[in-house]
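File shown: run_19.cif (mmCIF, C-alpha atoms).
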```cif
data_start
#
loop_
_atom_site.group_PDB
_atom_site.id
_atom_site.type_symbol
_atom_site.label_atom_id
_atom_site.label_comp_id
_atom_site.auth_asym_id
_atom_site.auth_seq_id
_atom_site.Cartn_x
_atom_site.Cartn_y
_atom_site.Cartn_z
ATOM 1 C CA MET A 1 -18.938 6.917 -23.075
ATOM 2 C CA GLU A 2 -19.798 6.925 -19.372
ATOM 3 C CA THR A 3 -23.320 7.644 -18.180
ATOM 4 C CA PHE A 4 -24.060 10.059 -15.347
ATOM 5 C CA THR A 5 -24.917 8.042 -12.198
ATOM 6 C CA PRO A 6 -25.586 10.522 -9.380
ATOM 7 C CA VAL A 7 -27.690 8.129 -7.241
ATOM 8 C CA SER A 8 -25.366 5.103 -7.223
ATOM 9 C CA SER A 9 -22.304 7.330 -6.897
ATOM 10 C CA LEU A 10 -23.843 9.166 -3.931
ATOM 11 C CA ALA A 11 -24.867 5.841 -2.336
ATOM 12 C CA GLY A 12 -21.419 4.335 -2.936
ATOM 13 C CA GLY A 13 -19.848 7.463 -1.496
ATOM 14 C CA ALA A 14 -22.022 7.152 1.615
ATOM 15 C CA LEU A 15 -20.831 3.522 2.013
ATOM 16 C CA ILE A 16 -17.225 4.725 1.816
ATOM 17 C CA GLY A 17 -18.057 7.329 4.459
ATOM 18 C CA ILE A 18 -19.622 4.678 6.732
ATOM 19 C CA ALA A 19 -16.572 2.414 6.298
ATOM 20 C CA ALA A 20 -14.160 5.237 7.146
ATOM 21 C CA SER A 21 -16.324 6.193 10.142
ATOM 22 C CA LEU A 22 -16.305 2.629 11.481
ATOM 23 C CA LEU A 23 -12.495 2.518 11.315
ATOM 24 C CA LEU A 24 -12.208 5.947 12.943
ATOM 25 C CA LEU A 25 -14.669 5.406 15.794
ATOM 26 C CA LEU A 26 -13.489 1.850 16.546
ATOM 27 C CA HIS A 27 -9.733 2.051 15.973
ATOM 28 C CA GLY A 28 -9.097 5.794 15.870
ATOM 29 C CA ARG A 29 -7.488 5.343 12.474
ATOM 30 C CA VAL A 30 -7.743 7.302 9.245
ATOM 31 C CA ALA A 31 -8.924 5.170 6.306
ATOM 32 C CA GLY A 32 -6.093 6.185 4.004
ATOM 33 C CA ILE A 33 -5.367 3.320 1.630
ATOM 34 C CA SER A 34 -1.927 4.449 0.422
ATOM 35 C CA GLY A 35 -0.799 4.922 4.027
ATOM 36 C CA MET A 36 -2.044 1.473 5.041
ATOM 37 C CA VAL A 37 -0.432 -0.240 2.056
ATOM 38 C CA GLY A 38 2.808 1.706 2.515
ATOM 39 C CA GLU A 39 3.060 0.973 6.236
ATOM 40 C CA ALA A 40 2.170 -2.693 5.661
ATOM 41 C CA LEU A 41 4.981 -2.896 3.079
ATOM 42 C CA ARG A 42 7.406 -1.125 5.368
ATOM 43 C CA GLY A 43 6.546 -3.170 8.436
ATOM 44 C CA GLY A 44 6.525 -6.478 6.602
ATOM 45 C CA ALA A 45 3.770 -8.918 7.450
ATOM 46 C CA SER A 46 3.486 -7.992 11.110
ATOM 47 C CA ILE A 47 0.238 -9.273 12.552
ATOM 48 C CA ARG A 48 0.976 -8.139 16.090
ATOM 49 C CA GLY A 49 -0.080 -4.911 17.744
ATOM 50 C CA GLU A 50 -1.681 -2.005 15.921
ATOM 51 C CA GLY A 51 -0.678 -3.302 12.480
ATOM 52 C CA VAL A 52 -3.371 -5.951 12.644
ATOM 53 C CA TYR A 53 -6.226 -3.517 11.937
ATOM 54 C CA ARG A 54 -4.395 -2.467 8.775
ATOM 55 C CA LEU A 55 -4.053 -5.999 7.440
ATOM 56 C CA ALA A 56 -7.670 -6.797 8.357
ATOM 57 C CA PHE A 57 -8.911 -3.710 6.491
ATOM 58 C CA LEU A 58 -6.803 -4.516 3.420
ATOM 59 C CA ALA A 59 -8.010 -8.136 3.562
ATOM 60 C CA GLY A 60 -11.585 -6.801 3.558
ATOM 61 C CA LEU A 61 -10.846 -4.827 0.390
ATOM 62 C CA ALA A 62 -9.288 -7.848 -1.313
ATOM 63 C CA ILE A 63 -11.995 -10.350 -0.312
ATOM 64 C CA THR A 64 -14.677 -7.997 -1.617
ATOM 65 C CA GLY A 65 -12.885 -7.627 -4.964
ATOM 66 C CA LEU A 66 -12.678 -11.393 -5.299
ATOM 67 C CA VAL A 67 -16.340 -11.958 -4.356
ATOM 68 C CA LEU A 68 -17.571 -9.158 -6.647
ATOM 69 C CA ARG A 69 -15.844 -10.747 -9.633
ATOM 70 C CA ILE A 70 -17.937 -13.863 -8.978
ATOM 71 C CA VAL A 71 -21.307 -12.393 -7.970
ATOM 72 C CA HIS A 72 -21.420 -9.001 -9.726
ATOM 73 C CA PRO A 73 -18.635 -8.680 -12.354
ATOM 74 C CA SER A 74 -20.393 -5.844 -14.224
ATOM 75 C CA LEU A 75 -19.417 -3.456 -11.399
ATOM 76 C CA LEU A 76 -15.728 -4.049 -12.182
ATOM 77 C CA SER A 77 -13.630 -3.389 -15.280
ATOM 78 C CA ALA A 78 -12.771 -6.282 -17.625
ATOM 79 C CA SER A 79 -10.121 -8.704 -16.361
ATOM 80 C CA GLY A 80 -8.404 -9.386 -19.707
ATOM 81 C CA ALA A 81 -4.726 -8.839 -20.437
ATOM 82 C CA PRO A 82 -3.792 -5.233 -21.319
ATOM 83 C CA SER A 83 -2.200 -4.283 -24.666
ATOM 84 C CA ALA A 84 1.557 -3.647 -24.974
ATOM 85 C CA MET A 85 1.030 0.109 -24.770
ATOM 86 C CA GLY A 86 -1.415 -0.455 -21.954
ATOM 87 C CA ILE A 87 1.263 -2.348 -19.993
ATOM 88 C CA VAL A 88 3.801 0.488 -20.336
ATOM 89 C CA LEU A 89 1.197 3.020 -19.275
ATOM 90 C CA ILE A 90 -0.032 0.944 -16.328
ATOM 91 C CA VAL A 91 3.492 0.374 -14.958
ATOM 92 C CA ALA A 92 4.377 4.071 -15.319
ATOM 93 C CA ALA A 93 1.099 5.104 -13.668
ATOM 94 C CA GLY A 94 1.540 2.600 -10.833
ATOM 95 C CA LEU A 95 5.061 3.820 -10.065
ATOM 96 C CA LEU A 96 3.863 7.447 -10.051
ATOM 97 C CA VAL A 97 0.855 6.683 -7.830
ATOM 98 C CA GLY A 98 2.980 4.680 -5.368
ATOM 99 C CA TYR A 99 5.783 7.231 -5.125
ATOM 100 C CA GLY A 100 3.485 10.285 -5.163
ATOM 101 C CA THR A 101 1.069 9.080 -2.509
ATOM 102 C CA ARG A 102 3.929 8.290 -0.086
ATOM 103 C CA LEU A 103 5.693 11.585 -0.794
ATOM 104 C CA GLY A 104 2.447 13.548 -0.402
ATOM 105 C CA ASP A 105 1.225 11.465 2.565
ATOM 106 C CA GLY A 106 -2.070 10.369 1.106
ATOM 107 C CA CYS A 107 -4.375 9.660 -1.788
ATOM 108 C CA THR A 108 -8.033 10.010 -2.715
ATOM 109 C CA SER A 109 -9.158 8.319 0.510
ATOM 110 C CA GLY A 110 -6.826 9.763 3.145
ATOM 111 C CA HIS A 111 -6.711 13.325 1.814
ATOM 112 C CA GLY A 112 -9.805 13.434 -0.415
ATOM 113 C CA VAL A 113 -12.327 11.863 1.954
ATOM 114 C CA CYS A 114 -10.916 11.714 5.493
ATOM 115 C CA GLY A 115 -8.818 14.887 5.414
ATOM 116 C CA ILE A 116 -11.496 17.079 3.881
ATOM 117 C CA SER A 117 -14.057 15.658 6.351
ATOM 118 C CA ARG A 118 -12.030 17.129 9.195
ATOM 119 C CA VAL A 119 -11.466 20.359 7.264
ATOM 120 C CA SER A 120 -7.686 19.903 7.003
ATOM 121 C CA LYS A 121 -6.231 22.645 4.784
ATOM 122 C CA ARG A 122 -3.298 20.348 4.024
ATOM 123 C CA SER A 123 -5.622 17.658 2.665
ATOM 124 C CA MET A 124 -7.670 20.215 0.741
ATOM 125 C CA ALA A 125 -4.512 21.533 -0.929
ATOM 126 C CA ALA A 126 -3.424 17.984 -1.808
ATOM 127 C CA THR A 127 -6.864 17.066 -3.197
ATOM 128 C CA VAL A 128 -7.165 20.204 -5.343
ATOM 129 C CA THR A 129 -3.627 19.553 -6.635
ATOM 130 C CA PHE A 130 -4.010 15.880 -7.575
ATOM 131 C CA MET A 131 -7.412 16.487 -9.161
ATOM 132 C CA ALA A 132 -6.106 19.417 -11.215
ATOM 133 C CA VAL A 133 -3.022 17.466 -12.330
ATOM 134 C CA GLY A 134 -5.184 14.399 -13.072
ATOM 135 C CA ALA A 135 -7.495 16.526 -15.244
ATOM 136 C CA LEU A 136 -4.533 18.153 -16.983
ATOM 137 C CA THR A 137 -3.017 14.723 -17.666
ATOM 138 C CA VAL A 138 -6.268 13.437 -19.180
ATOM 139 C CA PHE A 139 -6.511 16.597 -21.286
ATOM 140 C CA VAL A 140 -2.988 16.182 -22.674
ATOM 141 C CA VAL A 141 -3.285 12.411 -23.229
ATOM 142 C CA ARG A 142 -6.735 12.483 -24.847
ATOM 143 C CA HIS A 143 -6.982 15.855 -26.559
ATOM 144 C CA VAL A 144 -3.379 16.860 -27.316
ATOM 145 C CA LEU A 145 -1.772 13.460 -27.983
ATOM 146 C CA GLY A 146 -5.068 11.910 -29.150
ATOM 147 C CA ILE A 147 -4.618 8.657 -27.169
ATOM 148 C CA THR A 148 -7.713 6.909 -25.778
ATOM 149 C CA LEU A 149 -7.353 3.540 -24.096
ATOM 150 C CA MET B 1 -18.167 -0.730 29.776
ATOM 151 C CA THR B 2 -17.346 -4.177 28.454
ATOM 152 C CA PRO B 3 -13.865 -4.455 26.993
ATOM 153 C CA ILE B 4 -13.604 -4.998 23.239
ATOM 154 C CA SER B 5 -12.133 -8.406 22.414
ATOM 155 C CA PRO B 6 -9.247 -8.695 19.934
ATOM 156 C CA THR B 7 -11.526 -10.698 17.635
ATOM 157 C CA THR B 8 -14.107 -7.893 17.558
ATOM 158 C CA ARG B 9 -11.384 -5.369 16.745
ATOM 159 C CA VAL B 10 -10.122 -7.407 13.805
ATOM 160 C CA LEU B 11 -13.649 -8.110 12.554
ATOM 161 C CA GLY B 12 -14.467 -4.384 12.807
ATOM 162 C CA ALA B 13 -11.494 -3.450 10.635
ATOM 163 C CA LEU B 14 -12.330 -6.271 8.214
ATOM 164 C CA ALA B 15 -15.953 -5.068 7.967
ATOM 165 C CA SER B 16 -14.701 -1.549 7.335
ATOM 166 C CA GLY B 17 -12.557 -2.817 4.448
ATOM 167 C CA VAL B 18 -15.497 -4.773 2.996
ATOM 168 C CA LEU B 19 -17.840 -1.751 3.197
ATOM 169 C CA PHE B 20 -15.153 0.513 1.742
ATOM 170 C CA ALA B 21 -14.662 -1.791 -1.267
ATOM 171 C CA LEU B 22 -18.433 -2.136 -1.769
ATOM 172 C CA GLY B 23 -18.663 1.663 -1.779
ATOM 173 C CA LEU B 24 -15.873 1.909 -4.358
ATOM 174 C CA ALA B 25 -17.662 -0.657 -6.536
ATOM 175 C CA VAL B 26 -21.204 0.758 -6.228
ATOM 176 C CA SER B 27 -20.007 4.328 -6.826
ATOM 177 C CA GLY B 28 -18.086 3.486 -10.013
ATOM 178 C CA MET B 29 -14.659 4.399 -8.567
ATOM 179 C CA VAL B 30 -13.298 0.945 -9.444
ATOM 180 C CA ARG B 31 -13.789 1.520 -13.176
ATOM 181 C CA PRO B 32 -10.868 3.525 -14.638
ATOM 182 C CA THR B 33 -12.986 4.581 -17.641
ATOM 183 C CA LYS B 34 -15.425 6.290 -15.272
ATOM 184 C CA VAL B 35 -12.640 7.965 -13.290
ATOM 185 C CA LEU B 36 -11.034 9.236 -16.492
ATOM 186 C CA ALA B 37 -14.439 10.484 -17.730
ATOM 187 C CA PHE B 38 -14.707 12.488 -14.481
ATOM 188 C CA LEU B 39 -11.272 14.014 -15.113
ATOM 189 C CA ASP B 40 -12.040 14.716 -18.795
ATOM 190 C CA PHE B 41 -13.483 18.226 -18.657
ATOM 191 C CA ALA B 42 -12.850 18.857 -22.361
ATOM 192 C CA GLY B 43 -14.541 15.639 -23.495
ATOM 193 C CA ALA B 44 -17.766 13.826 -22.524
ATOM 194 C CA TRP B 45 -17.479 14.911 -18.886
ATOM 195 C CA ASP B 46 -19.156 12.631 -16.322
ATOM 196 C CA PRO B 47 -19.556 14.493 -13.002
ATOM 197 C CA SER B 48 -20.653 11.336 -11.091
ATOM 198 C CA LEU B 49 -17.510 11.062 -8.983
ATOM 199 C CA ALA B 50 -18.171 14.467 -7.435
ATOM 200 C CA PHE B 51 -21.220 12.745 -5.904
ATOM 201 C CA VAL B 52 -18.959 10.053 -4.415
ATOM 202 C CA MET B 53 -17.024 12.792 -2.642
ATOM 203 C CA ILE B 54 -20.237 14.473 -1.455
ATOM 204 C CA GLY B 55 -21.644 11.186 -0.111
ATOM 205 C CA ALA B 56 -18.418 10.096 1.588
ATOM 206 C CA ILE B 57 -17.550 13.464 3.123
ATOM 207 C CA GLY B 58 -21.174 14.106 4.133
ATOM 208 C CA VAL B 59 -21.235 10.922 6.218
ATOM 209 C CA HIS B 60 -17.659 11.004 7.495
ATOM 210 C CA ALA B 61 -17.769 14.653 8.588
ATOM 211 C CA VAL B 62 -20.502 13.643 11.076
ATOM 212 C CA ALA B 63 -18.284 10.840 12.412
ATOM 213 C CA VAL B 64 -15.433 13.324 12.869
ATOM 214 C CA VAL B 65 -17.685 15.529 15.024
ATOM 215 C CA VAL B 66 -18.759 12.486 17.063
ATOM 216 C CA ALA B 67 -15.108 11.391 17.411
ATOM 217 C CA ARG B 68 -14.015 14.819 18.660
ATOM 218 C CA ARG B 69 -16.819 14.805 21.263
ATOM 219 C CA ARG B 70 -15.958 11.280 22.443
ATOM 220 C CA GLY B 71 -12.291 12.106 22.864
ATOM 221 C CA ARG B 72 -11.140 8.507 22.352
ATOM 222 C CA PRO B 73 -12.092 5.643 20.030
ATOM 223 C CA ILE B 74 -14.019 2.569 21.198
ATOM 224 C CA ALA B 75 -11.175 0.049 20.850
ATOM 225 C CA SER B 76 -8.010 2.141 20.975
ATOM 226 C CA ASP B 77 -6.452 4.690 23.313
ATOM 227 C CA LYS B 78 -6.453 7.705 20.990
ATOM 228 C CA PHE B 79 -7.367 9.105 17.592
ATOM 229 C CA HIS B 80 -4.406 8.917 15.245
ATOM 230 C CA TRP B 81 -4.994 12.172 13.355
ATOM 231 C CA SER B 82 -2.132 13.702 11.453
ATOM 232 C CA ASP B 83 -0.759 16.562 13.544
ATOM 233 C CA ARG B 84 0.835 18.249 10.540
ATOM 234 C CA ALA B 85 -0.775 21.362 9.095
ATOM 235 C CA ALA B 86 1.867 22.825 6.773
ATOM 236 C CA ILE B 87 1.248 22.863 3.036
ATOM 237 C CA ASP B 88 4.899 22.065 2.266
ATOM 238 C CA PRO B 89 6.784 21.159 -0.950
ATOM 239 C CA PRO B 90 6.664 17.342 -0.383
ATOM 240 C CA LEU B 91 2.862 17.466 -0.009
ATOM 241 C CA VAL B 92 2.377 19.440 -3.219
ATOM 242 C CA ALA B 93 5.031 17.533 -5.188
ATOM 243 C CA GLY B 94 3.568 14.218 -4.025
ATOM 244 C CA ALA B 95 0.054 15.302 -5.047
ATOM 245 C CA VAL B 96 1.381 16.376 -8.471
ATOM 246 C CA VAL B 97 3.115 13.010 -9.035
ATOM 247 C CA PHE B 98 0.067 11.083 -7.789
ATOM 248 C CA GLY B 99 -2.309 13.174 -9.955
ATOM 249 C CA PHE B 100 -0.151 12.474 -13.009
ATOM 250 C CA GLY B 101 -0.326 8.705 -12.437
ATOM 251 C CA TRP B 102 -4.053 8.852 -11.593
ATOM 252 C CA GLY B 103 -4.770 10.711 -14.832
ATOM 253 C CA LEU B 104 -2.723 8.214 -16.869
ATOM 254 C CA ALA B 105 -4.445 5.019 -15.727
ATOM 255 C CA GLY B 106 -7.584 6.072 -13.831
ATOM 256 C CA PHE B 107 -6.585 4.012 -10.788
ATOM 257 C CA CYS B 108 -5.932 5.292 -7.280
ATOM 258 C CA PRO B 109 -4.702 2.855 -4.566
ATOM 259 C CA GLY B 110 -8.039 1.573 -3.151
ATOM 260 C CA PRO B 111 -9.789 0.762 -6.443
ATOM 261 C CA ALA B 112 -6.533 -0.719 -7.803
ATOM 262 C CA LEU B 113 -6.284 -3.140 -4.850
ATOM 263 C CA VAL B 114 -9.936 -4.209 -5.107
ATOM 264 C CA THR B 115 -9.633 -4.768 -8.863
ATOM 265 C CA ALA B 116 -6.300 -6.598 -8.557
ATOM 266 C CA ALA B 117 -7.818 -8.959 -5.990
ATOM 267 C CA SER B 118 -10.694 -9.582 -8.400
ATOM 268 C CA GLY B 119 -8.175 -11.101 -10.823
ATOM 269 C CA SER B 120 -7.666 -8.290 -13.328
ATOM 270 C CA LEU B 121 -4.175 -8.639 -14.840
ATOM 271 C CA GLY B 122 -3.878 -4.914 -15.553
ATOM 272 C CA ALA B 123 -4.698 -4.052 -11.943
ATOM 273 C CA VAL B 124 -2.267 -6.685 -10.610
ATOM 274 C CA LEU B 125 0.457 -5.072 -12.703
ATOM 275 C CA PHE B 126 -0.576 -1.615 -11.467
ATOM 276 C CA VAL B 127 -0.453 -2.682 -7.805
ATOM 277 C CA ALA B 128 2.991 -4.295 -8.281
ATOM 278 C CA ALA B 129 4.294 -1.070 -9.850
ATOM 279 C CA MET B 130 2.609 0.968 -7.088
ATOM 280 C CA ALA B 131 4.360 -1.120 -4.419
ATOM 281 C CA GLY B 132 7.608 -0.465 -6.333
ATOM 282 C CA GLY B 133 6.939 3.292 -6.294
ATOM 283 C CA MET B 134 6.244 3.181 -2.551
ATOM 284 C CA PHE B 135 9.436 1.209 -1.973
ATOM 285 C CA LEU B 136 11.436 3.827 -3.920
ATOM 286 C CA ARG B 137 10.058 6.557 -1.662
ATOM 287 C CA HIS B 138 10.765 4.574 1.520
ATOM 288 C CA HIS B 139 14.279 3.798 0.302
ATOM 289 C CA GLY B 140 14.892 7.485 -0.500
ATOM 290 C CA GLN B 141 13.751 8.458 2.995
ATOM 291 C CA ARG B 142 16.174 6.021 4.619
ATOM 292 C CA ARG B 143 19.082 7.442 2.614
ATOM 293 C CA ILE B 144 18.312 10.997 3.696
ATOM 294 C CA ARG B 145 18.140 10.037 7.358
#
```
Kindly transcribe the structure held in the file into structure tokens.
Amino acid sequence: METFTPVSSLAGGALIGIAASLLLLLHGRVAGISGMVGEALRGGASIRGEGVYRLAFLAGLAITGLVLRIVHPSLLSASGAPSAMGIVLIVAAGLLVGYGTRLGDGCTSGHGVCGISRVSKRSMAATVTFMAVGALTVFVVRHVLGITL
Amino acid sequence: MTPISPTTRVLGALASGVLFALGLAVSGMVRPTKVLAFLDFAGAWDPSLAFVMIGAIGVHAVAVVVARRRGRPIASDKFHWSDRAAIDPPLVAGAVVFGFGWGLAGFCPGPALVTAASGSLGAVLFVAAMAGGMFLRHHGQRRIR
């Protein structure tokens, strides 16, 4: 069971807000992770021009993940191999998240944080939708099908 | 005004990525069990992630006001906001598909990347599948055009 952590979640949220603000005020870019990953995939490994900020940001994410595993692993989930059912579920979920975020032009960061911050109705509609569908999915998986991973 | 060197630009974006990932880690967004507990209204609901949204939007909304007053960013020629406003079928369908995947595994793109880079096999698999899903969408777009 997860404990309620309003202080660390608020502080972590503020850090996310500061990070997105730095990218916006310096580069004029929206800190939308699915957009950055998608465009990086589409443009190949271009390190010239505007694409460089994208790769630098994504490198920052990756380096931090690597360092956290060494200095503060308790913040992250376990790194062990998933079960057979876990693998099927993870691959299905990954495909859905990848396809859905590109079709809907954003994820939790681009729509949920950046879009709502500028009071975009489009982002608000997307956020309400993916949260409602996420909650419905958890309800069906956990309480109808009785599966808890 | 002194011009911003290319090195400073890259370091700024890198610092933004580092801070973003630290925020995801400190807030609990990188742990799928916590994300799923936030989405589990009928179970032992953990409302913590609502506080992540409040913290992030509270700070970033101020930056948006500052950005609009400035008119242009420090190291680029313009703000790259989306100019689309329509709540159209692709937006809603995409959010439905994304929400389904998010509710299945508890990972959205940012936390998945951070966790994959930390060496978690499950997250590496998730990111590979996510890249596959993105590729399918890009491929579909090319066929339509």
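Among the candidates A:Gly32, A:Gly106, A:Gly112, A:Gly12, the residue lying nearest to chain B is A:Gly12 (atoms considered: all atoms listed in the file).
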Practice prompt. Write out as a ChimeraX atom specification each polymer residue whose atoms come within 8 Å of range 36-45 of chain A, counting all atoms listed in the file; drop sequence neighbours fewer than 6 positions from it.
Written response: /A:51,54-55,58,102 /B:131,134-135,138
Item to complete: Please write as a PyMOL selection string the full residue list that the PyMOL selection byres ((chain B and resi 11) around 12) yields on this file.
Response: (chain A and resi 22-23+26-27+52-60) or (chain B and resi 4-10+12-18+75)
Worksheet entry | Pick from A:Leu66, A:Ala92, A:Val128, A:Val119, whichever lies nearest to chain B using only C-alpha atoms |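 Nearest to chain B: A:Leu66.
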Fill in: Which of A:Ala31, A:Gly17, A:Cys114, A:Ile87 sits closest to chain B [using all atoms listed in the file]
A:Gly17
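Take CA of Ala25 in chain B and CA of Val97 in chain A: the distance between them is 20.0 Å.
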To test the calculation: enclose all listed atoms of range 56-67 of chain B in a box whose edges run along x, y and z, add 5 Å on each side, then state centre and edge lengths in Å to one decimal, as lines of an AutoDock Vina configuration file.
```
center_x = -18.2
center_y = 12.8
center_z = 9.5
size_x = 16.1
size_y = 15.4
size_z = 25.8
```
Discussion item. I'd like to know which of A:Pro82, A:Gly35, A:Pro73, A:Gly115 is closest to chain B, using all atoms listed in the file.
Written reply: A:Pro82
Discussion item. Applying 12 Å and only C-alpha atoms, which residues near Val59 in chain B remain after dropping the ones on its own chain fewer than 4 positions away? List them as a ChimeraX atom specification.
Written reply: /A:10-22,113-114,116-118 /B:52-55,63-66
Worksheet entry | range 102-117 of chain B surroundings by all atoms listed in the file, 6 Å radius, close-in-sequence under 4 positions cut, as a PyMOL selection string | (chain A and resi 33-34+61-62+65-66+93+134+137-138) or (chain B and resi 30+32+35-36+123-124)
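In this structure, CA of Ala129 in chain B sits 17.5 Å away from CA of Gly104 in chain A.
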Discussion item. For a test of reading the model, state the distance in Å between CA of Ala21 in chain B and CA of Leu76 in chain A, rounded to one decimal.
Written reply: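 Computed distance, CA of Ala21 in chain B to CA of Leu76 in chain A, equals 11.2 Å.
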Practice prompt. Pull out every residue that the PyMOL selection byres ((chain B and resi 89) around 12) matches in the shown coordinates and put them as a list in words.
Written response: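 With the shown file as input, the PyMOL selection byres ((chain B and resi 89) around 12) matches Leu103, Gly104, Asp105, Arg122, Ala125, Ala126 and Thr129 of chain A; Ala86, Ile87, Asp88, Pro90, Leu91, Val92, Ala93, Gly94, Ala95 and Val96 of chain B.
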Fill in: Nearest to chain A, chosen from B:Gly99, B:Gly43, B:Gly71, B:Pro3, with all atoms listed in the file counted in the distances
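Ranking B:Gly99, B:Gly43, B:Gly71, B:Pro3 by distance to chain A, first place goes to B:Gly99.
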Item to complete: Measuring atom to atom with all atoms listed in the file, identify which of A:Ser123, A:Thr148, A:Thr101, A:Ser74 is nearest to Gly86 in chain A.
Response: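 Result for the nearest residue to Gly86 in chain A: A:Thr148.
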